[in-house]
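Dumped protein.pdb below, it's PDB, C-alpha atoms:
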```
ATOM      1  CA  MET A   1     -72.675   0.866 -35.984  1.00  0.00           C
ATOM      2  CA  SER A   2     -71.645   2.842 -39.077  1.00  0.00           C
ATOM      3  CA  GLU A   3     -72.857   6.107 -37.504  1.00  0.00           C
ATOM      4  CA  VAL A   4     -70.593   5.627 -34.484  1.00  0.00           C
ATOM      5  CA  GLN A   5     -66.855   6.217 -34.774  1.00  0.00           C
ATOM      6  CA  THR A   6     -65.001   3.121 -33.619  1.00  0.00           C
ATOM      7  CA  GLN A   7     -61.527   1.674 -33.331  1.00  0.00           C
ATOM      8  CA  VAL A   8     -60.220  -1.859 -32.850  1.00  0.00           C
ATOM      9  CA  LYS A   9     -58.125  -2.861 -29.834  1.00  0.00           C
ATOM     10  CA  ILE A  10     -56.126  -6.091 -30.147  1.00  0.00           C
ATOM     11  CA  ALA A  11     -54.215  -8.248 -27.651  1.00  0.00           C
ATOM     12  CA  GLY A  12     -52.594 -11.568 -28.452  1.00  0.00           C
ATOM     13  CA  PHE A  13     -50.277 -14.095 -26.849  1.00  0.00           C
ATOM     14  CA  THR A  14     -48.870 -17.539 -27.598  1.00  0.00           C
ATOM     15  CA  ASP A  15     -47.516 -20.016 -25.051  1.00  0.00           C
ATOM     16  CA  ILE A  16     -45.617 -23.278 -25.348  1.00  0.00           C
ATOM     17  CA  GLY A  17     -47.884 -25.032 -22.834  1.00  0.00           C
ATOM     18  CA  LEU A  18     -46.682 -27.607 -20.318  1.00  0.00           C
ATOM     19  CA  ARG A  19     -45.950 -30.705 -22.401  1.00  0.00           C
ATOM     20  CA  ARG A  20     -44.389 -29.584 -25.681  1.00  0.00           C
ATOM     21  CA  THR A  21     -40.694 -28.942 -26.274  1.00  0.00           C
ATOM     22  CA  HIS A  22     -41.273 -26.127 -28.762  1.00  0.00           C
ATOM     23  CA  ASN A  23     -44.068 -23.872 -29.927  1.00  0.00           C
ATOM     24  CA  GLU A  24     -45.596 -24.602 -33.342  1.00  0.00           C
ATOM     25  CA  ASP A  25     -48.257 -21.897 -32.973  1.00  0.00           C
ATOM     26  CA  HIS A  26     -47.701 -18.465 -34.465  1.00  0.00           C
ATOM     27  CA  ILE A  27     -49.717 -15.250 -34.282  1.00  0.00           C
ATOM     28  CA  GLY A  28     -49.635 -11.816 -35.878  1.00  0.00           C
ATOM     29  CA  PHE A  29     -51.832  -8.738 -35.874  1.00  0.00           C
ATOM     30  CA  ASN A  30     -52.038  -5.095 -36.887  1.00  0.00           C
ATOM     31  CA  GLN A  31     -54.150  -3.110 -34.454  1.00  0.00           C
ATOM     32  CA  SER A  32     -54.349   0.076 -36.528  1.00  0.00           C
ATOM     33  CA  LEU A  33     -55.715  -1.843 -39.531  1.00  0.00           C
ATOM     34  CA  GLY A  34     -57.892  -4.257 -37.527  1.00  0.00           C
ATOM     35  CA  ILE A  35     -56.260  -7.471 -38.781  1.00  0.00           C
ATOM     36  CA  ALA A  36     -55.358 -10.652 -36.870  1.00  0.00           C
ATOM     37  CA  VAL A  37     -53.978 -14.029 -38.013  1.00  0.00           C
ATOM     38  CA  LEU A  38     -53.327 -17.197 -36.004  1.00  0.00           C
ATOM     39  CA  ALA A  39     -51.832 -20.519 -37.131  1.00  0.00           C
ATOM     40  CA  ASP A  40     -51.162 -23.902 -35.498  1.00  0.00           C
ATOM     41  CA  GLY A  41     -48.443 -25.836 -37.342  1.00  0.00           C
ATOM     42  CA  MET A  42     -47.857 -29.547 -37.757  1.00  0.00           C
ATOM     43  CA  GLY A  43     -44.938 -31.599 -39.045  1.00  0.00           C
ATOM     44  CA  GLY A  44     -41.697 -33.109 -37.781  1.00  0.00           C
ATOM     45  CA  HIS A  45     -38.254 -31.495 -37.361  1.00  0.00           C
ATOM     46  CA  GLN A  46     -39.855 -28.177 -36.387  1.00  0.00           C
ATOM     47  CA  ALA A  47     -41.472 -27.959 -39.837  1.00  0.00           C
ATOM     48  CA  GLY A  48     -44.791 -27.126 -38.178  1.00  0.00           C
ATOM     49  CA  GLU A  49     -43.252 -23.952 -36.809  1.00  0.00           C
ATOM     50  CA  ILE A  50     -42.087 -22.977 -40.284  1.00  0.00           C
ATOM     51  CA  ALA A  51     -45.495 -23.651 -41.842  1.00  0.00           C
ATOM     52  CA  ALA A  52     -47.296 -21.603 -39.176  1.00  0.00           C
ATOM     53  CA  GLN A  53     -44.839 -18.709 -39.508  1.00  0.00           C
ATOM     54  CA  MET A  54     -45.190 -18.754 -43.313  1.00  0.00           C
ATOM     55  CA  ALA A  55     -48.979 -18.710 -43.059  1.00  0.00           C
ATOM     56  CA  VAL A  56     -49.159 -15.810 -40.618  1.00  0.00           C
ATOM     57  CA  SER A  57     -46.496 -13.791 -42.428  1.00  0.00           C
ATOM     58  CA  SER A  58     -47.982 -14.127 -45.909  1.00  0.00           C
ATOM     59  CA  VAL A  59     -51.634 -13.713 -44.911  1.00  0.00           C
ATOM     60  CA  LEU A  60     -50.946 -10.747 -42.635  1.00  0.00           C
ATOM     61  CA  GLU A  61     -48.787  -8.997 -45.221  1.00  0.00           C
ATOM     62  CA  SER A  62     -51.346  -9.442 -48.006  1.00  0.00           C
ATOM     63  CA  LEU A  63     -54.248  -8.234 -45.871  1.00  0.00           C
ATOM     64  CA  GLN A  64     -52.242  -5.249 -44.629  1.00  0.00           C
ATOM     65  CA  ASN A  65     -51.393  -4.272 -48.199  1.00  0.00           C
ATOM     66  CA  LEU A  66     -55.034  -4.454 -49.236  1.00  0.00           C
ATOM     67  CA  VAL A  67     -56.565  -2.622 -46.268  1.00  0.00           C
ATOM     68  CA  SER A  68     -53.920   0.116 -46.109  1.00  0.00           C
ATOM     69  CA  GLN A  69     -54.377   0.946 -49.786  1.00  0.00           C
ATOM     70  CA  GLN A  70     -58.168   1.121 -49.731  1.00  0.00           C
ATOM     71  CA  ASN A  71     -60.267   4.189 -49.115  1.00  0.00           C
ATOM     72  CA  PRO A  72     -63.284   3.536 -46.855  1.00  0.00           C
ATOM     73  CA  GLY A  73     -66.103   2.135 -48.945  1.00  0.00           C
ATOM     74  CA  SER A  74     -63.919   1.525 -52.008  1.00  0.00           C
ATOM     75  CA  ILE A  75     -64.095  -2.249 -51.674  1.00  0.00           C
ATOM     76  CA  THR A  76     -67.325  -4.221 -51.395  1.00  0.00           C
ATOM     77  CA  SER A  77     -68.045  -6.853 -48.756  1.00  0.00           C
ATOM     78  CA  SER A  78     -67.975  -9.656 -51.327  1.00  0.00           C
ATOM     79  CA  GLN A  79     -64.652  -8.433 -52.726  1.00  0.00           C
ATOM     80  CA  LEU A  80     -63.054  -8.273 -49.286  1.00  0.00           C
ATOM     81  CA  LEU A  81     -64.303 -11.733 -48.360  1.00  0.00           C
ATOM     82  CA  GLU A  82     -63.032 -13.112 -51.661  1.00  0.00           C
ATOM     83  CA  TYR A  83     -59.667 -11.482 -51.052  1.00  0.00           C
ATOM     84  CA  VAL A  84     -59.398 -13.085 -47.607  1.00  0.00           C
ATOM     85  CA  SER A  85     -60.058 -16.481 -49.212  1.00  0.00           C
ATOM     86  CA  HIS A  86     -57.572 -15.831 -52.032  1.00  0.00           C
ATOM     87  CA  THR A  87     -54.895 -14.717 -49.572  1.00  0.00           C
ATOM     88  CA  ILE A  88     -55.198 -17.928 -47.562  1.00  0.00           C
ATOM     89  CA  SER A  89     -55.197 -20.049 -50.736  1.00  0.00           C
ATOM     90  CA  ASP A  90     -52.062 -18.269 -51.917  1.00  0.00           C
ATOM     91  CA  SER A  91     -50.407 -18.995 -48.582  1.00  0.00           C
ATOM     92  CA  ASN A  92     -51.323 -22.667 -49.028  1.00  0.00           C
ATOM     93  CA  CYS A  93     -49.485 -22.746 -52.363  1.00  0.00           C
ATOM     94  CA  LYS A  94     -46.349 -21.230 -50.840  1.00  0.00           C
ATOM     95  CA  ILE A  95     -46.295 -23.720 -47.965  1.00  0.00           C
ATOM     96  CA  PHE A  96     -46.989 -26.687 -50.255  1.00  0.00           C
ATOM     97  CA  GLU A  97     -44.169 -25.675 -52.594  1.00  0.00           C
ATOM     98  CA  ALA A  98     -41.770 -25.298 -49.658  1.00  0.00           C
ATOM     99  CA  ALA A  99     -42.795 -28.707 -48.310  1.00  0.00           C
ATOM    100  CA  GLU A 100     -42.283 -30.365 -51.693  1.00  0.00           C
ATOM    101  CA  SER A 101     -38.919 -28.732 -52.382  1.00  0.00           C
ATOM    102  CA  GLN A 102     -37.217 -29.553 -49.076  1.00  0.00           C
ATOM    103  CA  LEU A 103     -37.128 -33.102 -47.759  1.00  0.00           C
ATOM    104  CA  GLU A 104     -36.973 -32.063 -44.106  1.00  0.00           C
ATOM    105  CA  HIS A 105     -40.184 -30.042 -44.571  1.00  0.00           C
ATOM    106  CA  LYS A 106     -42.157 -32.693 -46.432  1.00  0.00           C
ATOM    107  CA  GLY A 107     -45.608 -33.204 -44.948  1.00  0.00           C
ATOM    108  CA  MET A 108     -45.609 -29.954 -43.017  1.00  0.00           C
ATOM    109  CA  GLY A 109     -48.854 -28.045 -42.713  1.00  0.00           C
ATOM    110  CA  THR A 110     -50.773 -25.632 -40.557  1.00  0.00           C
ATOM    111  CA  THR A 111     -54.219 -24.489 -39.592  1.00  0.00           C
ATOM    112  CA  VAL A 112     -55.041 -20.822 -40.011  1.00  0.00           C
ATOM    113  CA  VAL A 113     -57.743 -18.392 -38.968  1.00  0.00           C
ATOM    114  CA  ALA A 114     -57.671 -14.758 -40.096  1.00  0.00           C
ATOM    115  CA  ALA A 115     -60.014 -11.881 -39.302  1.00  0.00           C
ATOM    116  CA  VAL A 116     -60.341  -8.351 -40.643  1.00  0.00           C
ATOM    117  CA  VAL A 117     -62.546  -5.737 -38.971  1.00  0.00           C
ATOM    118  CA  ASN A 118     -63.548  -3.263 -41.657  1.00  0.00           C
ATOM    119  CA  GLY A 119     -66.213  -0.683 -40.944  1.00  0.00           C
ATOM    120  CA  SER A 120     -69.128  -2.368 -39.195  1.00  0.00           C
ATOM    121  CA  ARG A 121     -68.251  -5.934 -40.159  1.00  0.00           C
ATOM    122  CA  CYS A 122     -65.813  -8.733 -39.516  1.00  0.00           C
ATOM    123  CA  TYR A 123     -64.510 -10.719 -42.484  1.00  0.00           C
ATOM    124  CA  ALA A 124     -62.804 -14.008 -41.719  1.00  0.00           C
ATOM    125  CA  GLY A 125     -61.391 -17.106 -43.325  1.00  0.00           C
ATOM    126  CA  HIS A 126     -60.153 -20.356 -41.823  1.00  0.00           C
ATOM    127  CA  VAL A 127     -58.734 -23.789 -42.571  1.00  0.00           C
ATOM    128  CA  GLY A 128     -58.358 -26.489 -39.910  1.00  0.00           C
ATOM    129  CA  ASP A 129     -59.464 -26.441 -36.278  1.00  0.00           C
ATOM    130  CA  SER A 130     -58.239 -23.060 -35.087  1.00  0.00           C
ATOM    131  CA  ARG A 131     -61.361 -21.100 -34.209  1.00  0.00           C
ATOM    132  CA  LEU A 132     -63.077 -17.728 -34.274  1.00  0.00           C
ATOM    133  CA  TYR A 133     -65.586 -16.796 -31.562  1.00  0.00           C
ATOM    134  CA  LEU A 134     -67.798 -13.760 -31.018  1.00  0.00           C
ATOM    135  CA  PHE A 135     -68.430 -12.478 -27.495  1.00  0.00           C
ATOM    136  CA  ARG A 136     -71.418 -10.123 -27.324  1.00  0.00           C
ATOM    137  CA  ASN A 137     -73.682  -9.107 -24.445  1.00  0.00           C
ATOM    138  CA  ARG A 138     -71.866 -11.487 -22.078  1.00  0.00           C
ATOM    139  CA  GLN A 139     -72.479 -14.479 -24.358  1.00  0.00           C
ATOM    140  CA  LEU A 140     -69.946 -16.470 -26.385  1.00  0.00           C
ATOM    141  CA  LYS A 141     -70.760 -17.819 -29.846  1.00  0.00           C
ATOM    142  CA  ARG A 142     -68.504 -19.956 -32.021  1.00  0.00           C
ATOM    143  CA  MET A 143     -68.331 -18.618 -35.571  1.00  0.00           C
ATOM    144  CA  THR A 144     -66.275 -21.343 -37.267  1.00  0.00           C
ATOM    145  CA  ARG A 145     -66.721 -25.073 -37.812  1.00  0.00           C
ATOM    146  CA  ASP A 146     -63.666 -27.267 -37.226  1.00  0.00           C
ATOM    147  CA  HIS A 147     -62.217 -29.165 -40.159  1.00  0.00           C
ATOM    148  CA  SER A 148     -61.495 -32.256 -38.071  1.00  0.00           C
ATOM    149  CA  LEU A 149     -62.427 -35.908 -37.665  1.00  0.00           C
ATOM    150  CA  VAL A 150     -64.081 -35.171 -34.318  1.00  0.00           C
ATOM    151  CA  GLN A 151     -66.266 -32.474 -35.875  1.00  0.00           C
ATOM    152  CA  ASP A 152     -67.259 -34.850 -38.683  1.00  0.00           C
ATOM    153  CA  LEU A 153     -68.334 -37.427 -36.074  1.00  0.00           C
ATOM    154  CA  ILE A 154     -70.332 -34.762 -34.214  1.00  0.00           C
ATOM    155  CA  ASP A 155     -72.037 -33.762 -37.451  1.00  0.00           C
ATOM    156  CA  LYS A 156     -72.964 -37.405 -38.118  1.00  0.00           C
ATOM    157  CA  GLY A 157     -74.456 -37.789 -34.645  1.00  0.00           C
ATOM    158  CA  PHE A 158     -71.846 -40.093 -33.093  1.00  0.00           C
ATOM    159  CA  TYR A 159     -71.086 -37.581 -30.350  1.00  0.00           C
ATOM    160  CA  THR A 160     -72.553 -34.463 -28.832  1.00  0.00           C
ATOM    161  CA  GLU A 161     -70.233 -31.455 -28.455  1.00  0.00           C
ATOM    162  CA  ALA A 162     -69.869 -32.264 -24.754  1.00  0.00           C
ATOM    163  CA  GLU A 163     -69.157 -35.970 -25.338  1.00  0.00           C
ATOM    164  CA  ALA A 164     -66.583 -35.178 -28.015  1.00  0.00           C
ATOM    165  CA  ARG A 165     -64.339 -33.402 -25.501  1.00  0.00           C
ATOM    166  CA  ASN A 166     -63.526 -36.775 -23.901  1.00  0.00           C
ATOM    167  CA  ALA A 167     -64.002 -39.037 -26.919  1.00  0.00           C
ATOM    168  CA  PRO A 168     -61.211 -41.579 -27.596  1.00  0.00           C
ATOM    169  CA  VAL A 169     -60.621 -40.180 -31.087  1.00  0.00           C
ATOM    170  CA  GLY A 170     -57.237 -39.154 -32.393  1.00  0.00           C
ATOM    171  CA  HIS A 171     -56.669 -35.478 -33.041  1.00  0.00           C
ATOM    172  CA  VAL A 172     -56.988 -35.524 -36.826  1.00  0.00           C
ATOM    173  CA  VAL A 173     -57.353 -32.360 -38.890  1.00  0.00           C
ATOM    174  CA  THR A 174     -59.168 -33.020 -42.167  1.00  0.00           C
ATOM    175  CA  ARG A 175     -58.121 -29.791 -43.875  1.00  0.00           C
ATOM    176  CA  ALA A 176     -54.882 -27.805 -43.528  1.00  0.00           C
ATOM    177  CA  LEU A 177     -52.603 -25.442 -45.404  1.00  0.00           C
ATOM    178  CA  GLY A 178     -49.620 -26.983 -47.172  1.00  0.00           C
ATOM    179  CA  THR A 179     -50.664 -30.622 -47.303  1.00  0.00           C
ATOM    180  CA  ARG A 180     -52.146 -30.416 -50.816  1.00  0.00           C
ATOM    181  CA  SER A 181     -51.633 -28.159 -53.814  1.00  0.00           C
ATOM    182  CA  ASP A 182     -55.044 -26.582 -53.316  1.00  0.00           C
ATOM    183  CA  VAL A 183     -57.318 -26.074 -50.321  1.00  0.00           C
ATOM    184  CA  GLU A 184     -60.913 -25.112 -49.665  1.00  0.00           C
ATOM    185  CA  VAL A 185     -61.150 -22.015 -47.480  1.00  0.00           C
ATOM    186  CA  ASP A 186     -64.280 -21.378 -45.416  1.00  0.00           C
ATOM    187  CA  THR A 187     -65.182 -17.694 -45.131  1.00  0.00           C
ATOM    188  CA  ILE A 188     -67.684 -15.824 -42.988  1.00  0.00           C
ATOM    189  CA  TYR A 189     -68.700 -12.253 -42.357  1.00  0.00           C
ATOM    190  CA  HIS A 190     -70.670 -10.826 -39.477  1.00  0.00           C
ATOM    191  CA  ASP A 191     -72.085  -7.458 -38.514  1.00  0.00           C
ATOM    192  CA  LEU A 192     -70.434  -6.025 -35.426  1.00  0.00           C
ATOM    193  CA  GLU A 193     -71.617  -3.838 -32.584  1.00  0.00           C
ATOM    194  CA  PRO A 194     -69.628  -1.592 -30.229  1.00  0.00           C
ATOM    195  CA  HIS A 195     -67.905  -3.576 -27.440  1.00  0.00           C
ATOM    196  CA  ASP A 196     -68.050  -6.894 -29.347  1.00  0.00           C
ATOM    197  CA  ILE A 197     -64.983  -9.079 -28.779  1.00  0.00           C
ATOM    198  CA  LEU A 198     -63.682 -11.460 -31.442  1.00  0.00           C
ATOM    199  CA  MET A 199     -61.477 -14.291 -30.200  1.00  0.00           C
ATOM    200  CA  LEU A 200     -59.126 -16.260 -32.439  1.00  0.00           C
ATOM    201  CA  CYS A 201     -57.585 -19.316 -30.774  1.00  0.00           C
ATOM    202  CA  SER A 202     -55.715 -22.534 -31.403  1.00  0.00           C
ATOM    203  CA  ASP A 203     -56.994 -25.902 -30.186  1.00  0.00           C
ATOM    204  CA  GLY A 204     -54.542 -25.676 -27.302  1.00  0.00           C
ATOM    205  CA  LEU A 205     -57.041 -23.272 -25.766  1.00  0.00           C
ATOM    206  CA  SER A 206     -60.363 -24.669 -26.997  1.00  0.00           C
ATOM    207  CA  ASP A 207     -59.451 -28.268 -26.083  1.00  0.00           C
ATOM    208  CA  MET A 208     -58.466 -27.359 -22.539  1.00  0.00           C
ATOM    209  CA  VAL A 209     -60.869 -24.545 -21.629  1.00  0.00           C
ATOM    210  CA  ALA A 210     -64.625 -25.026 -21.962  1.00  0.00           C
ATOM    211  CA  ASP A 211     -66.706 -22.395 -23.727  1.00  0.00           C
ATOM    212  CA  TRP A 212     -68.423 -21.459 -20.467  1.00  0.00           C
ATOM    213  CA  GLN A 213     -65.040 -20.770 -18.873  1.00  0.00           C
ATOM    214  CA  ILE A 214     -64.003 -18.586 -21.802  1.00  0.00           C
ATOM    215  CA  GLU A 215     -67.316 -16.757 -21.534  1.00  0.00           C
ATOM    216  CA  GLU A 216     -66.900 -16.274 -17.791  1.00  0.00           C
ATOM    217  CA  THR A 217     -63.356 -14.958 -18.235  1.00  0.00           C
ATOM    218  CA  LEU A 218     -64.421 -12.441 -20.867  1.00  0.00           C
ATOM    219  CA  CYS A 219     -67.296 -11.313 -18.664  1.00  0.00           C
ATOM    220  CA  GLU A 220     -64.878 -10.684 -15.795  1.00  0.00           C
ATOM    221  CA  GLN A 221     -61.816  -9.403 -17.662  1.00  0.00           C
ATOM    222  CA  GLY A 222     -63.199  -8.142 -20.981  1.00  0.00           C
ATOM    223  CA  LYS A 223     -62.398  -4.500 -20.211  1.00  0.00           C
ATOM    224  CA  ASP A 224     -58.668  -5.368 -20.211  1.00  0.00           C
ATOM    225  CA  LEU A 225     -57.852  -7.486 -23.268  1.00  0.00           C
ATOM    226  CA  ASN A 226     -54.263  -8.208 -22.251  1.00  0.00           C
ATOM    227  CA  ARG A 227     -55.352  -9.466 -18.853  1.00  0.00           C
ATOM    228  CA  ALA A 228     -58.180 -11.520 -20.378  1.00  0.00           C
ATOM    229  CA  ALA A 229     -55.897 -13.177 -22.943  1.00  0.00           C
ATOM    230  CA  LYS A 230     -53.285 -14.016 -20.290  1.00  0.00           C
ATOM    231  CA  LYS A 231     -55.989 -15.391 -18.000  1.00  0.00           C
ATOM    232  CA  LEU A 232     -57.247 -17.695 -20.772  1.00  0.00           C
ATOM    233  CA  ILE A 233     -53.749 -19.047 -21.422  1.00  0.00           C
ATOM    234  CA  GLY A 234     -53.292 -19.520 -17.689  1.00  0.00           C
ATOM    235  CA  LEU A 235     -56.519 -21.521 -17.500  1.00  0.00           C
ATOM    236  CA  ALA A 236     -55.381 -23.788 -20.335  1.00  0.00           C
ATOM    237  CA  ASN A 237     -52.128 -24.492 -18.536  1.00  0.00           C
ATOM    238  CA  MET A 238     -53.874 -24.924 -15.188  1.00  0.00           C
ATOM    239  CA  GLN A 239     -56.089 -27.580 -16.769  1.00  0.00           C
ATOM    240  CA  GLY A 240     -53.276 -29.561 -18.358  1.00  0.00           C
ATOM    241  CA  GLY A 241     -51.525 -27.423 -20.975  1.00  0.00           C
ATOM    242  CA  LYS A 242     -51.267 -30.419 -23.304  1.00  0.00           C
ATOM    243  CA  ASP A 243     -50.569 -28.334 -26.407  1.00  0.00           C
ATOM    244  CA  ASN A 244     -49.273 -24.949 -27.457  1.00  0.00           C
ATOM    245  CA  ILE A 245     -51.810 -22.245 -26.594  1.00  0.00           C
ATOM    246  CA  SER A 246     -52.558 -19.134 -28.637  1.00  0.00           C
ATOM    247  CA  VAL A 247     -55.259 -16.507 -28.341  1.00  0.00           C
ATOM    248  CA  ILE A 248     -55.950 -13.147 -29.992  1.00  0.00           C
ATOM    249  CA  LEU A 249     -58.699 -10.843 -28.743  1.00  0.00           C
ATOM    250  CA  MET A 250     -60.084  -8.054 -30.949  1.00  0.00           C
ATOM    251  CA  GLN A 251     -62.528  -5.550 -29.458  1.00  0.00           C
ATOM    252  CA  VAL A 252     -64.606  -2.938 -31.223  1.00  0.00           C
ATOM    253  CA  GLN A 253     -64.398   0.215 -29.090  1.00  0.00           C
ATOM    254  CA  VAL A 254     -66.271   3.483 -29.426  1.00  0.00           C
ATOM    255  CA  VAL A 255     -64.058   6.525 -29.926  1.00  0.00           C
ATOM    256  CA  LYS A 256     -65.067   9.262 -27.446  1.00  0.00           C
TER
END
```
Written form, structure tokens:
Amino acid sequence: MSEVQTQVKIAGFTDIGLRRTHNEDHIGFNQSLGIAVLADGMGGHQAGEIAAQMAVSSVLESLQNLVSQQNPGSITSSQLLEYVSHTISDSNCKIFEAAESQLEHKGMGTTVVAAVVNGSRCYAGHVGDSRLYLFRNRQLKRMTRDHSLVQDLIDKGFYTEAEARNAPVGHVVTRALGTRSDVEVDTIYHDLEPHDILMLCSDGLSDMVADWQIEETLCEQGKDLNRAAKKLIGLANMQGGKDNISVILMQVQVVK
């Protein structure tokens, strides 16, 4: 893809859903720099909202500063991936300190997933159960592994992926930003091709809309990212809307 001039198109929306009184999800992106960040907060007294906003704000700002200051090719893949991890870890420290210093924020935390499209690759980091998917050639592939009790049970063979959707297991995240002084960040990178779509989403989408429905929607609406993102949120609400719903779509487009 390096021989083809490309640009990144981004569309993102967040929705309160049908059963929550406020929205603890938060999203942010910079289309010109090819950066997107999504967080799903947790904690009482609206502290989850604060944690999610802190995560998106700090991660987005740090990644923007790095990418905007770099000349193409001046940073290696390993350096960029390490920086994504460091940025998320730094955000964790800020949220943890805020939670410890203010009683009403104690125990607050958030998931996060961040993606940077740089050249012919995507660089991403995540903590928690917010996800990153790749849609290519009309097929959807999940790129991240949830940090959750349900995922641990799937890994140990107690449930299949399909069975886990209806399993009587509490929604427990096993890793999050802000709940401990340090956090392990999972990072991934992936080569991209023209017309690939990356999807970042909170569990309010992935819990309510099956992968095949997401795939079908992107097949039908993928040429219009705003319409596709709104359709996905609509599907989540149509099928229950039990949680806040957030989705960001990033598409690699060829410049003509």
Skip segment 114-127 of chain A itself and residues of its chain fewer than 2 positions away, then list as a PDB file with C-alpha atoms, in the coordinates of the input all residues within 6 Å of it, counting all atoms listed in the file.
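Listing of out-v1.pdb after writing:
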```pdb
ATOM      1  CA  MET A   1     -72.675   0.866 -35.984  1.00  0.00           C
ATOM      2  CA  SER A   2     -71.645   2.842 -39.077  1.00  0.00           C
ATOM      3  CA  GLY A  34     -57.892  -4.257 -37.527  1.00  0.00           C
ATOM      4  CA  ILE A  35     -56.260  -7.471 -38.781  1.00  0.00           C
ATOM      5  CA  ALA A  36     -55.358 -10.652 -36.870  1.00  0.00           C
ATOM      6  CA  VAL A  37     -53.978 -14.029 -38.013  1.00  0.00           C
ATOM      7  CA  LEU A  81     -64.303 -11.733 -48.360  1.00  0.00           C
ATOM      8  CA  THR A 111     -54.219 -24.489 -39.592  1.00  0.00           C
ATOM      9  CA  VAL A 112     -55.041 -20.822 -40.011  1.00  0.00           C
ATOM     10  CA  ALA A 176     -54.882 -27.805 -43.528  1.00  0.00           C
ATOM     11  CA  VAL A 185     -61.150 -22.015 -47.480  1.00  0.00           C
ATOM     12  CA  ASP A 186     -64.280 -21.378 -45.416  1.00  0.00           C
ATOM     13  CA  THR A 187     -65.182 -17.694 -45.131  1.00  0.00           C
ATOM     14  CA  ILE A 188     -67.684 -15.824 -42.988  1.00  0.00           C
ATOM     15  CA  TYR A 189     -68.700 -12.253 -42.357  1.00  0.00           C
ATOM     16  CA  HIS A 190     -70.670 -10.826 -39.477  1.00  0.00           C
ATOM     17  CA  ASP A 191     -72.085  -7.458 -38.514  1.00  0.00           C
ATOM     18  CA  LEU A 192     -70.434  -6.025 -35.426  1.00  0.00           C
TER      19      LEU A 192
END
```
Output check: residues returned by the PyMOL selection byres ((chain A and resi 97) around 12), as an MDAnalysis selection string: chainID A and resid 51 54 90:96 98:103 105:109 177:182
Once the PyMOL selection byres ((chain A and resi 18) around 6) has been applied to the shown file, what residues remain in the selection, as a list of chain:residue names?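 Taken over the shown coordinates, the PyMOL selection byres ((chain A and resi 18) around 6) returns A:Gly17, A:Arg19, A:Gly241.
Residue selection for this entry, given the PyMOL selection byres ((chain A and resi 201) around 8), comprises Leu38, Ser130, Arg131, Leu132, Met199, Leu200, Ser202, Asp203, Gly204, Leu205, Ser206, Ile245, Ser246, Val247 and Ile248 of chain A.
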Could those residues be written to a file, using C-alpha atoms, as a PDB file, keeping the file's coordinate frame?
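What ended up in part29.pdb:
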```pdb
ATOM      1  CA  LEU A  38     -53.327 -17.197 -36.004  1.00  0.00           C
ATOM      2  CA  SER A 130     -58.239 -23.060 -35.087  1.00  0.00           C
ATOM      3  CA  ARG A 131     -61.361 -21.100 -34.209  1.00  0.00           C
ATOM      4  CA  LEU A 132     -63.077 -17.728 -34.274  1.00  0.00           C
ATOM      5  CA  MET A 199     -61.477 -14.291 -30.200  1.00  0.00           C
ATOM      6  CA  LEU A 200     -59.126 -16.260 -32.439  1.00  0.00           C
ATOM      7  CA  SER A 202     -55.715 -22.534 -31.403  1.00  0.00           C
ATOM      8  CA  ASP A 203     -56.994 -25.902 -30.186  1.00  0.00           C
ATOM      9  CA  GLY A 204     -54.542 -25.676 -27.302  1.00  0.00           C
ATOM     10  CA  LEU A 205     -57.041 -23.272 -25.766  1.00  0.00           C
ATOM     11  CA  SER A 206     -60.363 -24.669 -26.997  1.00  0.00           C
ATOM     12  CA  ILE A 245     -51.810 -22.245 -26.594  1.00  0.00           C
ATOM     13  CA  SER A 246     -52.558 -19.134 -28.637  1.00  0.00           C
ATOM     14  CA  VAL A 247     -55.259 -16.507 -28.341  1.00  0.00           C
ATOM     15  CA  ILE A 248     -55.950 -13.147 -29.992  1.00  0.00           C
TER      16      ILE A 248
END
```
What does the distance from atom CA of Arg138 of chain A to atom CA of Ser77 of chain A come to in Å, to one decimal?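 For atom CA of Arg138 of chain A relative to atom CA of Ser77 of chain A, the distance reads 27.3 Å.
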